[in-house]
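Student: Attaching a single structure in structure tokens format; questions to follow.
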Amino acid sequence: MSPTSLSCQLAFILVVVATSFCQAFELSGSRRSLSHGNLQPVLQSTSSTIDSENGSTSIDFAMDPLSQKAKDIMNHLGLSVEQHQQLAKLAILVTDWNTRLNLISRRDCSKEVVFGRHIVPSLAPFGLKEKDFVLEDRQRVVDVGTGGGFPGLPLAIAYPNVDFLLVDSVGKKLGAVQEMADTLGLTNVKVHHGRAELLREKFDVCVGRSVAAIPKYCYWVHHLLEKDGHLQYIIGGEIDKGLLDQAVIDCDVDELLNCPEVSDKRVLVFRQASVKKIAKASGEKPRVPKAGKPSLGKPKRKKSKGEWTKRDPTQPKQRGYENFKRYDSLS
């Protein structure tokens, strides 16, 4: 056998061995996937933001602010063309601010995602028809945990005669929120930098959108509601039946906006008494120290033994003996 033929045969054998090894590796990987119950093929990762509550992505609910679908929602809610334009402009403002400041997730952040995923669901409480829960002129609303201005800013556009206080512990976000409100001409919006626990005002309504679990959120806001006030909370995912039983309203955002598959969230409404009851049973503790007596200044530090202190130049030196005289030379 010639050296050339021998080289060809060796090369062929190496190719066969390598192919068999690759097939065995792929089969092993498939078996591992099946053993974990994953029957779906492996997909390439995308940049879409996944909602931890139900696995949906932000792109799933993207909506062109000027689309017919958006116009149908505005018509159903009875919003004017000017209000629709303000909401569309808000989507552009949030998108622009988000390039400088992380108001919302920066993945797939476009005006369509901001409008469909954030602005439209924030309008759902406006679709409530029950008399006790329709906001009236000059009522006061607090949005605790507003973040990038949701649901407070969209609701302030929908309710121009209702006063809104948007609260968050992140000052940079509130600066952007206030500037967006000013740009949109929303004179009924104010912001407050701080924790809700420290607020000592009363409000007719509290609104929030997926800020925290319901028991924790109720603990944060229970002292803010008037006796006849209530909480309107936008949230997704599974909710404990005991909590749902205390809600006077449990309605999908799709139903409130009369638009199927527009959101995966729901609106829950709790009266003030229920909010207090849930807060009491939450087991939460204050996140901030209780207010005490005002400090009168820094307490004087006790001097340590042998500590050096600066001498008072107006006092005579303590030499340890009297009538001391210095002589330059001996006489």
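We name chains A, B, ... following the order of the structure tokens; residues begin at 1 in each chain, and ligands are numbered from 1 as shown.
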Output as CSV one row per residue of range 87-149 of chain A within 12 Å of range 220-230 of chain A: the closest atom pair and its distance in Å to one decimal place, counting only C-alpha atoms, sorted by chain and residue number ascending.

Tutor:
```
residue,atom,partner,partner_atom,distance
A:Asp132,CA,A:His230,CA,9.3
A:Phe133,CA,A:His230,CA,8.0
A:Val134,CA,A:His230,CA,11.0
A:Leu135,CA,A:Gly229,CA,10.8
A:Gln139,CA,A:Gly229,CA,10.4
A:Arg140,CA,A:Leu225,CA,10.0
A:Val141,CA,A:Leu225,CA,9.4
A:Val142,CA,A:Leu224,CA,8.3
A:Asp143,CA,A:Val221,CA,9.8
A:Val144,CA,A:Val221,CA,7.6
A:Gly145,CA,A:Trp220,CA,10.0
```

Student: Please give the complete set of residues from range 85-114 of chain A that DSSP, run on the backbone, assigns to alpha helix (DSSP H), formatted as a PyMOL selection string.

Tutor: chain A and resi 85-98+111-113

Student: Rounded to one decimal place, report the CA of Arg271 in chain A-CA of Leu79 in chain A distance in Å.

Tutor: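 Between CA of Arg271 in chain A and CA of Leu79 in chain A the gap is 26.7 Å.
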
Student: Just the residues within 8 Å of Ser122 in chain A, please, counting only C-alpha atoms, with nothing from its chain fewer than 2 positions along; format it as a PDB file with N, CA and C atoms, in the first residue's frame.

Tutor:
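Full text of out_19.pdb as output:
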```pdb
ATOM      1  N   HIS A 118     -47.122  50.000  29.040  1.00  0.00           N
ATOM      2  CA  HIS A 118     -47.142  50.809  30.256  1.00  0.00           C
ATOM      3  C   HIS A 118     -48.292  51.816  30.311  1.00  0.00           C
ATOM      4  N   ILE A 119     -48.500  52.553  29.228  1.00  0.00           N
ATOM      5  CA  ILE A 119     -49.512  53.617  29.257  1.00  0.00           C
ATOM      6  C   ILE A 119     -50.930  53.047  29.203  1.00  0.00           C
ATOM      7  N   VAL A 120     -51.193  52.160  28.266  1.00  0.00           N
ATOM      8  CA  VAL A 120     -52.549  51.634  28.092  1.00  0.00           C
ATOM      9  C   VAL A 120     -53.064  50.908  29.346  1.00  0.00           C
ATOM     10  N   ALA A 124     -56.527  51.608  32.756  1.00  0.00           N
ATOM     11  CA  ALA A 124     -57.609  50.674  33.078  1.00  0.00           C
ATOM     12  C   ALA A 124     -58.514  51.158  34.204  1.00  0.00           C
ATOM     13  N   PRO A 125     -57.981  51.729  35.316  1.00  0.00           N
ATOM     14  CA  PRO A 125     -58.891  52.208  36.369  1.00  0.00           C
ATOM     15  C   PRO A 125     -59.879  53.266  35.878  1.00  0.00           C
ATOM     16  N   PHE A 150     -45.981  55.744  36.278  1.00  0.00           N
ATOM     17  CA  PHE A 150     -47.119  54.874  35.989  1.00  0.00           C
ATOM     18  C   PHE A 150     -47.688  54.276  37.269  1.00  0.00           C
ATOM     19  N   PRO A 151     -48.998  54.294  37.405  1.00  0.00           N
ATOM     20  CA  PRO A 151     -50.018  54.753  36.451  1.00  0.00           C
ATOM     21  C   PRO A 151     -50.360  56.241  36.562  1.00  0.00           C
ATOM     22  N   GLY A 152     -49.634  56.992  37.393  1.00  0.00           N
ATOM     23  CA  GLY A 152     -50.023  58.355  37.721  1.00  0.00           C
ATOM     24  C   GLY A 152     -50.159  59.306  36.541  1.00  0.00           C
ATOM     25  N   PRO A 154     -50.513  58.786  33.094  1.00  0.00           N
ATOM     26  CA  PRO A 154     -51.656  58.535  32.213  1.00  0.00           C
ATOM     27  C   PRO A 154     -52.995  58.863  32.860  1.00  0.00           C
ATOM     28  N   LEU A 155     -53.148  58.536  34.147  1.00  0.00           N
ATOM     29  CA  LEU A 155     -54.412  58.839  34.823  1.00  0.00           C
ATOM     30  C   LEU A 155     -54.596  60.343  35.011  1.00  0.00           C
ATOM     31  N   ARG A 209     -49.108  50.170  40.519  1.00  0.00           N
ATOM     32  CA  ARG A 209     -49.016  49.204  39.415  1.00  0.00           C
ATOM     33  C   ARG A 209     -47.829  48.274  39.653  1.00  0.00           C
ATOM     34  N   ILE A 234     -53.115  47.718  40.078  1.00  0.00           N
ATOM     35  CA  ILE A 234     -52.948  46.993  38.813  1.00  0.00           C
ATOM     36  C   ILE A 234     -51.855  45.954  39.020  1.00  0.00           C
TER      37      ILE A 234
END
```

Student: Tell me which protein, DNA and RNA residues are within 9 Å of range 58-74 of chain A, counting only C-alpha atoms, leaving out same-chain ones fewer than 6 positions away, and put them as a VMD selection string.

Tutor: chain A and resid 48 to 51 80 to 81 83 to 85 87 to 89 91 107 to 117 120 257 to 259 261 to 264

Student: Can you tell me how far CA of Val267 in chain A sits from CA of Lys131 in chain A, in Å to one decimal?

Tutor: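 CA of Val267 in chain A sits 16.0 Å away from CA of Lys131 in chain A.
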
Student: Range 199-281 of chain A near range 164-178 of chain A within 12 Å: what's each residue's closest atom pair and its distance in Å to one decimal, counting only C-alpha atoms, ordered by chain then ascending residue number, as a tab-separated table?

Tutor:
```
residue	atom	partner	partner_atom	distance
A:Leu199	CA	A:Val167	CA	9.6
A:Glu201	CA	A:Leu165	CA	10.6
A:Lys202	CA	A:Leu165	CA	11.1
A:Phe203	CA	A:Leu165	CA	9.4
A:Asp204	CA	A:Phe164	CA	10.5
A:Val205	CA	A:Phe164	CA	9.6
A:Cys206	CA	A:Leu165	CA	9.6
A:Val207	CA	A:Leu166	CA	9.6
A:Gly208	CA	A:Leu166	CA	10.0
A:Val211	CA	A:Asp168	CA	10.5
A:Trp220	CA	A:Val167	CA	11.7
A:Val221	CA	A:Val167	CA	11.0
A:Leu224	CA	A:Leu165	CA	11.7
```

Student: Tell me, in Å to one decimal, how far CA of Lys285 in chain A is from CA of Leu244 in chain A.

Tutor: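 Result for CA of Lys285 in chain A versus CA of Leu244 in chain A: 23.1 Å, one decimal.
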
Student: Using only C-alpha atoms, find the one residue out of A:Leu184, A:Ile214, A:Tyr219, A:Val94 that sits nearest to Glu238 in chain A.

Tutor: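 Closest to Glu238 in chain A of all the choices is A:Ile214.
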
Student: Go through range 92-294 of chain A and collect every residue that DSSP, computed from the backbone, puts in strand (DSSP E); the answer should be as a PyMOL selection string.

Tutor: chain A and resi 140-144+163-168+189-193+203-209+225-236+249-252+265-271
